[in-house]
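Student: So that you have it, the file is final.csv, and it contains CSV, C-alpha atoms and all ligand atoms:
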```csv
chain,number,residue,atom,x,y,z
Z,8,MET,CA,70.4,-26.3,-46.5
Z,9,LEU,CA,72.7,-27.2,-49.3
Z,10,SER,CA,76.4,-26.3,-49.3
Z,11,GLU,CA,77.5,-24.0,-52.2
Z,12,THR,CA,79.5,-26.9,-53.7
Z,13,ILE,CA,76.6,-29.3,-53.7
Z,14,LEU,CA,74.2,-26.6,-54.9
Z,15,GLU,CA,76.5,-25.8,-57.8
Z,16,LYS,CA,76.8,-29.5,-58.8
Z,17,LEU,CA,73.1,-30.1,-58.5
Z,18,ASN,CA,72.4,-27.1,-60.7
Z,19,ASN,CA,75.0,-28.4,-63.2
Z,20,GLN,CA,73.1,-31.7,-63.2
Z,21,VAL,CA,69.8,-29.9,-63.9
Z,22,ASN,CA,71.6,-28.4,-66.9
Z,23,LEU,CA,73.0,-31.7,-68.0
Z,24,GLU,CA,69.5,-33.4,-67.8
Z,25,PHE,CA,68.0,-30.5,-69.8
Z,26,PHE,CA,70.8,-31.0,-72.4
Z,27,SER,CA,70.1,-34.8,-72.5
Z,28,SER,CA,66.4,-34.0,-73.2
Z,29,ASN,CA,67.3,-31.6,-76.1
Z,30,LEU,CA,69.9,-34.1,-77.5
Z,31,TYR,CA,67.4,-36.9,-77.7
Z,32,LEU,CA,64.6,-34.7,-79.0
Z,33,GLN,CA,67.0,-33.5,-81.8
Z,34,MET,CA,68.0,-37.1,-82.5
Z,35,SER,CA,64.4,-38.0,-82.8
Z,36,ALA,CA,64.0,-35.2,-85.4
Z,37,TRP,CA,66.9,-36.7,-87.3
Z,38,CYS,CA,65.3,-40.2,-87.2
Z,39,HIS,CA,62.0,-38.9,-88.5
Z,40,SER,CA,63.8,-37.0,-91.3
Z,41,LYS,CA,65.3,-40.4,-92.4
Z,42,GLY,CA,61.9,-42.2,-92.2
Z,43,LEU,CA,62.9,-44.1,-89.0
Z,44,GLU,CA,59.6,-43.4,-87.2
Z,45,GLY,CA,60.0,-46.1,-84.5
Z,46,CYS,CA,63.4,-44.7,-83.5
Z,47,GLY,CA,62.1,-41.2,-83.6
Z,48,ASP,CA,59.1,-41.9,-81.4
Z,49,PHE,CA,61.2,-43.8,-78.9
Z,50,LEU,CA,63.8,-41.0,-78.6
Z,51,ARG,CA,61.0,-38.4,-78.3
Z,52,GLN,CA,59.6,-40.3,-75.3
Z,53,HIS,CA,63.1,-40.6,-73.9
Z,54,ALA,CA,63.5,-36.8,-74.2
Z,55,GLU,CA,60.4,-36.5,-72.0
Z,56,GLU,CA,62.0,-38.9,-69.4
Z,57,GLU,CA,65.1,-36.7,-69.3
Z,58,LYS,CA,62.9,-33.7,-68.6
Z,59,MET,CA,61.4,-35.6,-65.7
Z,60,HIS,CA,65.0,-36.3,-64.4
Z,61,MET,CA,65.6,-32.5,-64.6
Z,62,TYR,CA,62.4,-31.6,-62.7
Z,63,ARG,CA,63.2,-34.1,-60.0
Z,64,LEU,CA,66.5,-32.3,-59.3
Z,65,PHE,CA,64.9,-28.8,-59.7
Z,66,ASP,CA,62.2,-29.7,-57.1
Z,67,TYR,CA,64.7,-31.1,-54.7
Z,68,ILE,CA,66.8,-28.0,-54.8
Z,69,ASN,CA,63.7,-25.9,-54.2
Z,70,GLU,CA,62.6,-28.1,-51.3
Z,71,THR,CA,65.9,-27.4,-49.5
Z,72,GLY,CA,65.3,-23.6,-49.7
Z,73,SER,CA,68.1,-23.1,-52.1
Z,74,LEU,CA,67.8,-21.5,-55.5
Z,75,ALA,CA,67.7,-23.7,-58.6
Z,76,VAL,CA,69.5,-21.8,-61.4
Z,77,LEU,CA,69.0,-22.6,-65.1
Z,78,GLY,CA,72.2,-22.1,-67.1
Z,79,SER,CA,72.6,-21.8,-70.9
Z,80,ILE,CA,72.3,-25.1,-72.7
Z,81,ASP,CA,74.5,-26.0,-75.7
Z,82,ALA,CA,72.7,-26.8,-78.9
Z,83,PRO,CA,72.9,-30.5,-79.7
Z,84,GLU,CA,74.5,-31.9,-82.9
Z,85,THR,CA,72.0,-32.1,-85.8
Z,86,ASP,CA,73.5,-34.5,-88.2
Z,87,TYR,CA,74.5,-38.2,-87.9
Z,88,GLU,CA,76.1,-40.7,-90.3
Z,89,SER,CA,73.7,-43.5,-89.3
Z,90,ILE,CA,71.3,-44.8,-86.7
Z,91,HIS,CA,74.2,-46.8,-85.3
Z,92,GLU,CA,76.1,-43.6,-84.7
Z,93,VAL,CA,73.0,-42.2,-82.9
Z,94,PHE,CA,72.8,-45.1,-80.5
Z,95,ARG,CA,76.6,-45.2,-80.0
Z,96,LYS,CA,76.5,-41.5,-79.0
Z,97,ILE,CA,73.5,-42.0,-76.7
Z,98,TYR,CA,75.4,-44.8,-74.9
Z,99,ASP,CA,78.5,-42.6,-74.5
Z,100,HIS,CA,76.4,-39.8,-73.3
Z,101,GLU,CA,74.7,-41.9,-70.7
Z,102,CYS,CA,78.1,-43.1,-69.4
Z,103,LEU,CA,79.1,-39.4,-69.1
Z,104,ILE,CA,75.9,-38.8,-67.1
Z,105,THR,CA,76.7,-41.7,-64.8
Z,106,LYS,CA,80.1,-40.2,-64.1
Z,107,ALA,CA,78.5,-36.9,-63.2
Z,108,ILE,CA,76.1,-38.6,-60.8
Z,109,ASN,CA,78.8,-40.7,-59.3
Z,110,ASN,CA,80.8,-37.5,-58.7
Z,111,LEU,CA,77.8,-35.9,-57.0
Z,112,VAL,CA,77.4,-38.9,-54.8
Z,113,ASP,CA,81.1,-38.8,-53.8
Z,114,VAL,CA,80.8,-35.1,-52.9
Z,115,ALA,CA,77.6,-35.6,-50.9
Z,116,MET,CA,79.3,-38.4,-49.0
Z,117,ALA,CA,82.5,-36.4,-48.3
Z,118,GLU,CA,80.4,-33.4,-47.1
Z,119,LYS,CA,78.2,-35.7,-44.9
Z,120,ASP,CA,75.1,-34.4,-46.8
Z,121,TYR,CA,73.1,-37.6,-46.2
Z,122,SER,CA,69.8,-36.1,-47.5
Z,123,THR,CA,71.4,-35.4,-50.9
Z,124,PHE,CA,73.2,-38.7,-50.8
Z,125,ASN,CA,69.9,-40.4,-50.2
Z,126,PHE,CA,68.1,-38.4,-52.9
Z,127,LEU,CA,70.8,-39.3,-55.4
Z,128,GLN,CA,70.3,-43.1,-55.0
Z,129,TRP,CA,67.4,-42.9,-57.4
Z,130,TYR,CA,69.7,-41.5,-60.1
Z,131,VAL,CA,72.3,-44.2,-59.4
Z,132,ALA,CA,69.7,-46.9,-60.0
Z,133,GLU,CA,68.3,-45.0,-63.0
Z,134,GLN,CA,71.7,-44.7,-64.6
Z,135,HIS,CA,72.3,-48.4,-64.3
Z,136,GLU,CA,69.0,-48.9,-66.2
Z,137,GLU,CA,69.8,-46.3,-68.8
Z,138,GLU,CA,73.2,-47.7,-69.5
Z,139,HIS,CA,71.8,-51.2,-69.8
Z,140,LEU,CA,69.0,-50.1,-72.0
Z,141,PHE,CA,71.1,-48.2,-74.5
Z,142,LEU,CA,73.9,-50.8,-74.5
Z,143,SER,CA,71.4,-53.5,-75.4
Z,144,ILE,CA,69.9,-51.4,-78.1
Z,145,LEU,CA,73.3,-50.6,-79.6
Z,146,GLU,CA,74.4,-54.2,-79.5
Z,147,LYS,CA,71.2,-55.4,-81.2
Z,148,ALA,CA,71.5,-52.7,-83.8
Z,149,GLU,CA,75.1,-53.7,-84.6
Z,150,MET,CA,74.0,-57.3,-84.8
Z,151,ILE,CA,71.1,-56.6,-87.2
Z,152,GLY,CA,73.3,-54.5,-89.5
Z,153,ALA,CA,72.8,-51.3,-91.5
Z,154,ASP,CA,71.4,-52.4,-94.9
Z,155,GLY,CA,67.8,-51.5,-95.9
Z,156,ARG,CA,66.3,-54.6,-94.3
Z,157,GLY,CA,68.4,-54.2,-91.2
Z,158,LEU,CA,67.3,-50.6,-90.7
Z,159,TYR,CA,63.7,-51.7,-91.2
Z,160,HIS,CA,64.0,-54.3,-88.4
Z,161,ILE,CA,65.8,-51.9,-86.1
Z,162,ASP,CA,63.0,-49.4,-86.6
Z,163,MET,CA,60.3,-52.0,-86.0
Z,164,GLU,CA,62.0,-53.1,-82.8
Z,165,MET,CA,62.1,-49.5,-81.6
Z,166,LYS,CA,58.5,-49.0,-82.5
Z,167,LYS,CA,57.6,-52.0,-80.4
Z,168,MET,CA,59.6,-50.7,-77.4
Z,169,SER,CA,58.0,-47.3,-77.8
Z,170,GLN,CA,54.5,-48.8,-77.8
Z,171,GLN,CA,55.3,-50.9,-74.7
Z,172,ARG,CA,56.5,-47.8,-72.9
Z,173,MET,CA,53.4,-45.9,-73.9
Z,174,ALA,CA,51.2,-48.8,-72.6
Z,175,ALA,CA,53.2,-48.7,-69.4
Z,176,GLY,CA,52.3,-45.0,-69.0
Z,177,ALA,CA,55.6,-43.4,-70.1
Z,178,PRO,CA,55.4,-39.6,-70.8
Z,179,GLY,CA,56.0,-38.1,-74.2
Z,180,GLY,CA,53.9,-39.8,-76.8
Z,181,ALA,CA,54.5,-38.6,-80.4
J,201,LIG,FE1,68.9,-38.5,-67.2
J,201,LIG,FE2,69.5,-40.6,-69.4
J,201,LIG,O1,70.1,-39.7,-67.8
```
Can you turn what I pasted into structure tokens?
Tutor:
Amino acid sequence: MLSETILEKLNNQVNLEFFSSNLYLQMSAWCHSKGLEGCGDFLRQHAEEEKMHMYRLFDYINETGSLAVLGSIDAPETDYESIHEVFRKIYDHECLITKAINNLVDVAMAEKDYSTFNFLQWYVAEQHEEEHLFLSILEKAEMIGADGRGLYHIDMEMKKMSQQRMAAGAPGGA
């Protein structure tokens, strides 16, 4: 059985992962509207991954006999200056998610809730991967530049990454 504090924090995390999914789906729409199909496809896939993060939490809460509660989700921003801004915002957002996971781990440890502590280790590892992934994309995009040719190369790189993910069985093909 989960304590009220842990349950509230897990439910908040469900909400945050849902928001992440909507944020990346909205960003994918922005990319497609600018002709950046590779970026759009990649972010659409990533939106599906975030949904999987959400369901994992949702199922865990249910398995403990507690009630998963869906809260309201803020609408994501719809307009961006550039693809560089999109990737910067994604990286910042992932850092925020990492902080929320770390806080959950702290509380689970303080409450001696070892089951939740153990469950959260998957998210700790996942956040390391997500931060690394989006930081490397951001750094590459900044290196390539923002002129027409640069944008084309960024989009081609993202298309390749999206196709590799599809080949590896990632959810959420466009
Ligand atoms: Fe579910 Fe990208 O963190």
Student: What is the atom CA of Met173 of chain Z to atom CA of Arg95 of chain Z distance in Å?
Tutor: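 Calculated distance between atom CA of Met173 of chain Z and atom CA of Arg95 of chain Z is 24.0 Å.
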Student: If you count all atoms listed in the file, which residues end up within 12 Å of ligand LIG 201 (chain J), as a ChimeraX atom specification?
Tutor: /Z:20-31,50,52-64,96-108,127,129-141
Student: At most 9 Å from (60.3, -42.8, -77.7), file frame, only C-alpha atoms: which residues, as a list of chain:residue names?
Tutor: Z:Ser35, Z:Gly45, Z:Cys46, Z:Gly47, Z:Asp48, Z:Phe49, Z:Leu50, Z:Arg51, Z:Gln52, Z:His53, Z:Ala54, Z:Glu55, Z:Met165, Z:Lys166, Z:Met168, Z:Ser169, Z:Gln170, Z:Arg172, Z:Met173, Z:Ala177, Z:Gly179, Z:Gly180, Z:Ala181
Student: Looking at Z:Ile90, Z:Met163, Z:Ala175, Z:Leu9, which one is nearest to Asp120 of chain Z, with distances taken over all atoms listed in the file?
Tutor: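 When distances to Asp120 of chain Z are compared using all atoms listed in the file, the smallest one comes from Z:Leu9.
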Student: Could you tell me how far atom CA of Asn18 of chain Z sits from atom CA of Leu77 of chain Z, in Å to one decimal place?
Tutor: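 About the pair atom CA of Leu77 of chain Z and atom CA of Asn18 of chain Z: they are 7.2 Å apart.
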Student: Atom CA of Gly176 of chain Z and atom CA of Thr123 of chain Z, how far apart in Å?
Tutor: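 It comes out at 28.0 Å.
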Student: Please supply segment 163-175 of chain Z, rebuilt with N, CA and C atoms, as an mmCIF file, in the coordinates of the input.
Tutor:
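Okay, rebuild08.cif is ready:
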```
data_model
loop_
_atom_site.group_PDB
_atom_site.id
_atom_site.type_symbol
_atom_site.label_atom_id
_atom_site.label_comp_id
_atom_site.auth_asym_id
_atom_site.auth_seq_id
_atom_site.Cartn_x
_atom_site.Cartn_y
_atom_site.Cartn_z
ATOM 1 N N MET Z 163 61.436 -51.281 -86.527
ATOM 2 C CA MET Z 163 60.300 -52.000 -86.000
ATOM 3 C C MET Z 163 60.477 -52.373 -84.519
ATOM 4 N N GLU Z 164 61.705 -52.782 -84.181
ATOM 5 C CA GLU Z 164 62.000 -53.100 -82.800
ATOM 6 C C GLU Z 164 61.792 -51.887 -81.886
ATOM 7 N N MET Z 165 62.263 -50.734 -82.375
ATOM 8 C CA MET Z 165 62.100 -49.500 -81.600
ATOM 9 C C MET Z 165 60.678 -49.088 -81.476
ATOM 10 N N LYS Z 166 59.926 -49.320 -82.540
ATOM 11 C CA LYS Z 166 58.500 -49.000 -82.500
ATOM 12 C C LYS Z 166 57.811 -49.822 -81.410
ATOM 13 N N LYS Z 167 58.173 -51.117 -81.366
ATOM 14 C CA LYS Z 167 57.600 -52.000 -80.400
ATOM 15 C C LYS Z 167 57.934 -51.506 -78.944
ATOM 16 N N MET Z 168 59.209 -51.141 -78.760
ATOM 17 C CA MET Z 168 59.600 -50.700 -77.400
ATOM 18 C C MET Z 168 58.897 -49.384 -77.064
ATOM 19 N N SER Z 169 58.718 -48.517 -78.059
ATOM 20 C CA SER Z 169 58.000 -47.300 -77.800
ATOM 21 C C SER Z 169 56.571 -47.508 -77.417
ATOM 22 N N GLN Z 170 55.924 -48.460 -78.118
ATOM 23 C CA GLN Z 170 54.500 -48.800 -77.800
ATOM 24 C C GLN Z 170 54.394 -49.406 -76.418
ATOM 25 N N GLN Z 171 55.375 -50.252 -76.069
ATOM 26 C CA GLN Z 171 55.300 -50.900 -74.700
ATOM 27 C C GLN Z 171 55.484 -49.808 -73.647
ATOM 28 N N ARG Z 172 56.356 -48.841 -73.911
ATOM 29 C CA ARG Z 172 56.500 -47.800 -72.900
ATOM 30 C C ARG Z 172 55.258 -46.943 -72.782
ATOM 31 N N MET Z 173 54.613 -46.675 -73.929
ATOM 32 C CA MET Z 173 53.400 -45.900 -73.900
ATOM 33 C C MET Z 173 52.310 -46.660 -73.077
ATOM 34 N N ALA Z 174 52.230 -47.978 -73.336
ATOM 35 C CA ALA Z 174 51.200 -48.800 -72.600
ATOM 36 C C ALA Z 174 51.530 -48.810 -71.133
ATOM 37 N N ALA Z 175 52.818 -48.668 -70.779
ATOM 38 C CA ALA Z 175 53.200 -48.700 -69.400
ATOM 39 C C ALA Z 175 53.037 -47.266 -68.740
#
```
